[in-house]
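A.B. asks: Would you mind keeping the following structure in view while I ask a few things?
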Amino acid sequence: MSATKRILMQGAAVVAMGVSAGTWAGAPERPTFTKDVLPILQENCQTCHRPSGLNMSGMIAPMSLMTYEEVRPWAKSISGIVDTRKMPPWHAGEKFYGKFRNERVLTQDEIQTVRAWVQQGAPRGNPSDAPAPMKFSETGWNFGKPDLVVDFPKPFLLQDEVEDLYHNITVQLTKDQHGEDRWVKAVEFKSGSEVVHHIIGYAHPKGDKSNLSGNEGDVTSGMIGGNAPGTDVAAYPEGYGVRLPAEARVTFAMHYHKEAGPGTAVQDNSQMGFQFQDGPVTHPVEISTIQHGAFEIPPFANDWKVGASRTFKEDTLLLSMLPHMHLRGKSGKYTAFYPDGTSEVLLDVPAYDFNWQSSYELPAPKTLPAGTRVEMELVFDNSKENGERIGFDSSKAIRFGGPTTDEMDLAWITIAPKAPVAPKAGDATGNAADE
Ligand code: HEC
């Protein structure tokens with residue numbers, strides 16, 4: 001949502017108090033598709049709802065909403081789904097509307113426009129009112145053109161009997177491919193088949209002996225990004241980046257999920273695409289977590305809280321947060337306790353949805369002064385009702401583990417040191433720096 005829209009939204013909320021029910025500050029009384037509805041769909045829906053929309057690791061929008069012909073049959077569903085705020089998908093609490101750079105939220109006026117349009121028979125309107133069509137990347141990558149693409153060494157075969165599989169695939173980058181340290185500006189993961197549930201990427205310097213186990217939760221060092229259902233492309237502002245060391249060993253930590261049985265074998269060849277910062281990077285980004293890890297959720301517990309905290313010794317910049325739980329995830333909250341005694345809720349996700357692993361990106365890096373403690377609280381619902389609704393066994397105690405039937409308590413944070421770090425020789429730009 002744009003800044004202007006945000007201001008309009010706040011304005012609308014104020015005005016709405018002073019007017020009779022049913023009148024809306026900025027919503028047109030007789031909306032048409034071309035004039036009023038299409039711009040809303042362009043800005044808020046079409047990135048996903050188009051012929052080859054965002055494949056957010058399996059969360060592929062079921063239909064295209066580009067033209068009147070495509071939208072008209074869905075008019076009623078669209079009105080219903082935007083009314084309940086199920087679409088566009090966004091799970092931060094209402095108090096946080098307007099607080100994140102990548103948020104997907106409609107204003108009350110936009111919701112009212114769609115509602116009125118459907119109530120009045122979803123008219124097309126004048127074709128010449130339609131805005132120019134949206135332009136999307138045509139490179140096959142949502143972020144545009146990658147500077148470096150990393151492929152599997154060879155396609156990976158998932159045999160018939162495989163159902164749920166964690167598997168690491170490691171690629172040694174050559175000098176030709178990636179001969180010097182660069183700073184990652186954006187990284188995109190492209191699933192090579194429909195059985196990819198998620199991918200986490202790691203990079204370790206050449207010769208680094210740290211061995212990756214098959215369990216993603218065991219290793220969080222060297223993380224360069226990941227995609228899971230509903231995750232956007234990770235991108236960093238100028239001056240920020242994650243280091244991709246020269247001739248790095250890059251690991252795809254794959255989680256596959258498919259039906260098992262004769263004839264279900266699939267070949268997968270997923271890819272990572274990188275864009276690098278051209279300018280110097282003074283704030284090396286670290287992708288890290290706050291987690292407890294040793295929790296145990298009792299059988300049938302419907303409101304089981306897991307908490308952990310981390311105190312920052314140096315002034316630290318916070319770029320984004322991503323609460324990660326599995327099927328029993330119910331809600332998540334991050335709170336900062338500042339050294340001056342004040343506190344602030346940084347993120348509240350009151351109704352967590354495992355299908356949408358959204359990263360909540362701050363519009364600008366936020367300072368956590370030295371001594372700040374950030375607490376995370378993740379809540380799990382292991383009740384019988386929830387188990388029946390989602391499809392899990394609630395009669396067992398649940399601990400940390402990779403499979404979606406186990407749980408995770410990862411409060412991901414993307415952070416960087418506040419004090420600028422002088423770029424070292426060979427870092428960044430691609431122009432050999434003076435030693
Ligand atoms: C980030 C990607 C994304 C955005 C943005 C998005 N959608 Fe969706 N939409 C999906 C996915 C994926 C599904 C299917 C999964 C689900 O239902 O959760 C879906 C499902 C739907 C459905 C239900 C379809 C059915 O089969 O019943 C409707 C209606 C819908 N979206 C409308 C919209 C509208 C209207 C907007 C914009 C205001 C929007 N969506 C924005 C990804 C998106």
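Identifiers in this document derive from the order of the structure tokens: chains are assigned A, B, ..., residues are numbered from 1 separately in each chain, and ligands are numbered from 1 in order of occurrence.
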Could you list, as a ChimeraX atom specification, all the residues within 9 Å of ligand 1, counting only C-alpha atoms and all ligand atoms?
C.D. replies: /A:40-49,53-56,58-63,65,71,74-82,85-90,104-106,110-111,114,229-232,355-356
A.B. asks: Quick one: residues within 7 Å of Gly93 of chain A, only C-alpha atoms, excluding same-chain residues fewer than 3 positions away - as a PyMOL selection string?
C.D. replies: chain A and resi 96+348-350
A.B. asks: Neighbours of Gly207 of chain A within 12 Å (only C-alpha atoms; same-chain residues fewer than 6 positions away dropped), as a list in words?
C.D. replies: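 Counting only the stated atoms, we get Gln172, Leu173, Pro245, Ala246, Glu247, Ala248, Arg249 and Val250 of chain A.
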A.B. asks: Got time to write the residues from that selection, all heavy atoms, as an mmCIF file, in the first residue's frame?
C.D. replies:
data_model
loop_
_atom_site.group_PDB
_atom_site.id
_atom_site.type_symbol
_atom_site.label_atom_id
_atom_site.label_comp_id
_atom_site.auth_asym_id
_atom_site.auth_seq_id
_atom_site.Cartn_x
_atom_site.Cartn_y
_atom_site.Cartn_z
ATOM 1 N N GLN A 172 29.213 -26.558 -5.327
ATOM 2 C CA GLN A 172 30.456 -25.806 -5.169
ATOM 3 C C GLN A 172 30.561 -24.797 -6.315
ATOM 4 O O GLN A 172 30.657 -25.190 -7.473
ATOM 5 C CB GLN A 172 31.647 -26.783 -5.176
ATOM 6 C CG GLN A 172 32.998 -26.111 -5.069
ATOM 7 C CD GLN A 172 33.136 -25.268 -3.807
ATOM 8 O OE1 GLN A 172 32.985 -25.785 -2.695
ATOM 9 N NE2 GLN A 172 33.392 -23.961 -3.968
ATOM 10 N N LEU A 173 30.493 -23.512 -5.986
ATOM 11 C CA LEU A 173 30.604 -22.505 -7.048
ATOM 12 C C LEU A 173 32.057 -22.444 -7.527
ATOM 13 O O LEU A 173 32.990 -22.524 -6.726
ATOM 14 C CB LEU A 173 30.167 -21.129 -6.550
ATOM 15 C CG LEU A 173 28.729 -20.993 -6.065
ATOM 16 C CD1 LEU A 173 28.418 -19.542 -5.708
ATOM 17 C CD2 LEU A 173 27.737 -21.479 -7.117
ATOM 18 N N PRO A 245 30.252 -15.498 -0.147
ATOM 19 C CA PRO A 245 31.706 -15.560 -0.295
ATOM 20 C C PRO A 245 32.131 -16.097 -1.668
ATOM 21 O O PRO A 245 31.401 -16.876 -2.282
ATOM 22 C CB PRO A 245 32.138 -16.540 0.810
ATOM 23 C CG PRO A 245 30.963 -16.722 1.697
ATOM 24 C CD PRO A 245 29.743 -16.422 0.877
ATOM 25 N N ALA A 246 33.314 -15.682 -2.094
ATOM 26 C CA ALA A 246 33.882 -16.169 -3.355
ATOM 27 C C ALA A 246 33.930 -17.693 -3.327
ATOM 28 O O ALA A 246 34.246 -18.293 -2.295
ATOM 29 C CB ALA A 246 35.285 -15.608 -3.536
ATOM 30 N N GLU A 247 33.651 -18.304 -4.452
ATOM 31 C CA GLU A 247 33.693 -19.768 -4.582
ATOM 32 C C GLU A 247 32.999 -20.466 -3.404
ATOM 33 O O GLU A 247 33.512 -21.425 -2.831
ATOM 34 C CB GLU A 247 35.140 -20.254 -4.709
ATOM 35 C CG GLU A 247 35.811 -19.758 -5.993
ATOM 36 C CD GLU A 247 37.278 -20.167 -6.064
ATOM 37 O OE1 GLU A 247 37.535 -21.385 -6.140
ATOM 38 O OE2 GLU A 247 38.137 -19.271 -6.032
ATOM 39 N N ALA A 248 31.854 -19.917 -3.034
ATOM 40 C CA ALA A 248 31.125 -20.450 -1.886
ATOM 41 C C ALA A 248 30.603 -21.857 -2.159
ATOM 42 O O ALA A 248 30.408 -22.258 -3.310
ATOM 43 C CB ALA A 248 29.948 -19.537 -1.559
ATOM 44 N N ARG A 249 30.400 -22.566 -1.065
ATOM 45 C CA ARG A 249 29.659 -23.823 -1.149
ATOM 46 C C ARG A 249 28.217 -23.473 -0.805
ATOM 47 O O ARG A 249 27.919 -23.015 0.295
ATOM 48 C CB ARG A 249 30.238 -24.815 -0.132
ATOM 49 C CG ARG A 249 29.537 -26.156 -0.089
ATOM 50 C CD ARG A 249 30.376 -27.167 0.694
ATOM 51 N NE ARG A 249 30.700 -26.675 2.022
ATOM 52 C CZ ARG A 249 29.981 -26.930 3.110
ATOM 53 N NH1 ARG A 249 28.908 -27.661 3.038
ATOM 54 N NH2 ARG A 249 30.341 -26.440 4.277
ATOM 55 N N VAL A 250 27.351 -23.625 -1.769
ATOM 56 C CA VAL A 250 25.956 -23.229 -1.593
ATOM 57 C C VAL A 250 25.115 -24.486 -1.356
ATOM 58 O O VAL A 250 25.278 -25.488 -2.051
ATOM 59 C CB VAL A 250 25.448 -22.472 -2.846
ATOM 60 C CG1 VAL A 250 23.957 -22.243 -2.779
ATOM 61 C CG2 VAL A 250 26.202 -21.162 -3.008
#
A.B. asks: Just how far from atom CA of Phe337 of chain A is atom CA of Gly239 of chain A, in Å to one decimal?
C.D. replies: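 Atom CA of Gly239 of chain A sits 27.3 Å away from atom CA of Phe337 of chain A.
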A.B. asks: So that I can see what lies close to Phe276 of chain A, please list as JSON, numbers by chain the residues with an atom at most 7 Å from it, counting only C-alpha atoms and leaving out residues fewer than 6 positions away in the same chain.
C.D. replies: {"A": [147, 182, 183, 184, 185, 186]}
A.B. asks: Emit the selected residues as a tab-separated table (two decimals), in the first residue's frame, including N, CA, C and O atoms.
C.D. replies:
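Wrote selection.tsv, looks like this:
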chain	number	residue	atom	x	y	z
A	147	ASP	N	21.85	-11.77	-11.44
A	147	ASP	CA	23.27	-11.67	-11.78
A	147	ASP	C	23.92	-13.05	-11.77
A	147	ASP	O	24.93	-13.28	-12.42
A	182	ARG	N	30.69	-11.14	-2.92
A	182	ARG	CA	29.71	-10.13	-3.35
A	182	ARG	C	28.64	-10.04	-2.26
A	182	ARG	O	28.46	-10.95	-1.46
A	183	TRP	N	27.93	-8.92	-2.29
A	183	TRP	CA	26.85	-8.73	-1.32
A	183	TRP	C	25.52	-8.95	-2.02
A	183	TRP	O	25.22	-8.30	-3.02
A	184	VAL	N	24.73	-9.81	-1.47
A	184	VAL	CA	23.43	-10.15	-2.07
A	184	VAL	C	22.43	-9.04	-1.79
A	184	VAL	O	22.19	-8.69	-0.63
A	185	LYS	N	21.89	-8.49	-2.87
A	185	LYS	CA	20.84	-7.47	-2.75
A	185	LYS	C	19.46	-8.13	-2.68
A	185	LYS	O	18.57	-7.70	-1.98
A	186	ALA	N	19.32	-9.20	-3.45
A	186	ALA	CA	18.04	-9.93	-3.47
A	186	ALA	C	18.32	-11.37	-3.86
A	186	ALA	O	19.22	-11.64	-4.65
A.B. asks: List the neighbours of segment 368-382 of chain A out to 9 Å using only C-alpha atoms; skip same-chain residues closer than 2 positions along the sequence, and give me the result as an NGL selection string.
C.D. replies: :A and (290-291 or 297-318 or 323-340 or 346 or 366 or 384-387 or 392-398 or 407 or 409-411 or 418)
A.B. asks: Pick from A:Tyr68, A:Tyr166, A:Phe136, A:Phe152: nearest to Met272 of chain A, with only C-alpha atoms counted?
C.D. replies: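 Distance minimum relative to Met272 of chain A lands on A:Phe152.
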A.B. asks: Find the spatial neighbours of Tyr256 of chain A, counting only C-alpha atoms, within a cut-off of 9 Å - ignore same-chain residues fewer than 6 positions away - and output them as an MDAnalysis selection string.
C.D. replies: chainID A and resid 158 162:167 195:199
A.B. asks: Find the residues around Asp268 of chain A up to 7 Å (only C-alpha atoms counted), leave out those fewer than 5 positions away in its own chain, and share them as a list in words.
C.D. replies: Pro155, Phe156, Leu157, Gly192 and Ser193 of chain A
A.B. asks: What is the distance, in Å and to one decimal place, between atom CA of Glu286 of chain A and atom CA of Gly140 of chain A?
C.D. replies: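 One can read the atom CA of Glu286 of chain A to atom CA of Gly140 of chain A distance as 27.6 Å.
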A.B. asks: Pick from A:Ser288, A:Asn126, A:Leu347, A:Gly121: nearest to Glu94 of chain A, with only C-alpha atoms counted?
C.D. replies: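 Ranking A:Ser288, A:Asn126, A:Leu347, A:Gly121 by distance to Glu94 of chain A, first place goes to A:Leu347.
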A.B. asks: Find, counting only C-alpha atoms, the residue in A:Ala92, A:Ala132, A:Val285, A:Leu38 that gets nearest to Glu70 of chain A.
C.D. replies: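 Nearest candidate to Glu70 of chain A out of A:Ala92, A:Ala132, A:Val285, A:Leu38: A:Leu38.
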A.B. asks: Name the residues of segment 362-395 of chain A that come out as alpha helix (DSSP H) in a backbone DSSP run; write them as a PyMOL selection string.
C.D. replies: chain A and resi 384-390
A.B. asks: Keeping only C-alpha atoms, write those residues as an mmCIF file, in the first residue's frame.
C.D. replies:
data_model
loop_
_atom_site.group_PDB
_atom_site.id
_atom_site.type_symbol
_atom_site.label_atom_id
_atom_site.label_comp_id
_atom_site.auth_asym_id
_atom_site.auth_seq_id
_atom_site.Cartn_x
_atom_site.Cartn_y
_atom_site.Cartn_z
ATOM 1 C CA LYS A 384 -8.581 -31.869 19.293
ATOM 2 C CA GLU A 385 -10.732 -29.394 17.320
ATOM 3 C CA ASN A 386 -7.723 -27.805 15.660
ATOM 4 C CA GLY A 387 -6.293 -31.230 14.884
ATOM 5 C CA GLU A 388 -9.532 -32.265 13.199
ATOM 6 C CA ARG A 389 -9.772 -28.981 11.298
ATOM 7 C CA ILE A 390 -6.209 -29.027 9.957
#
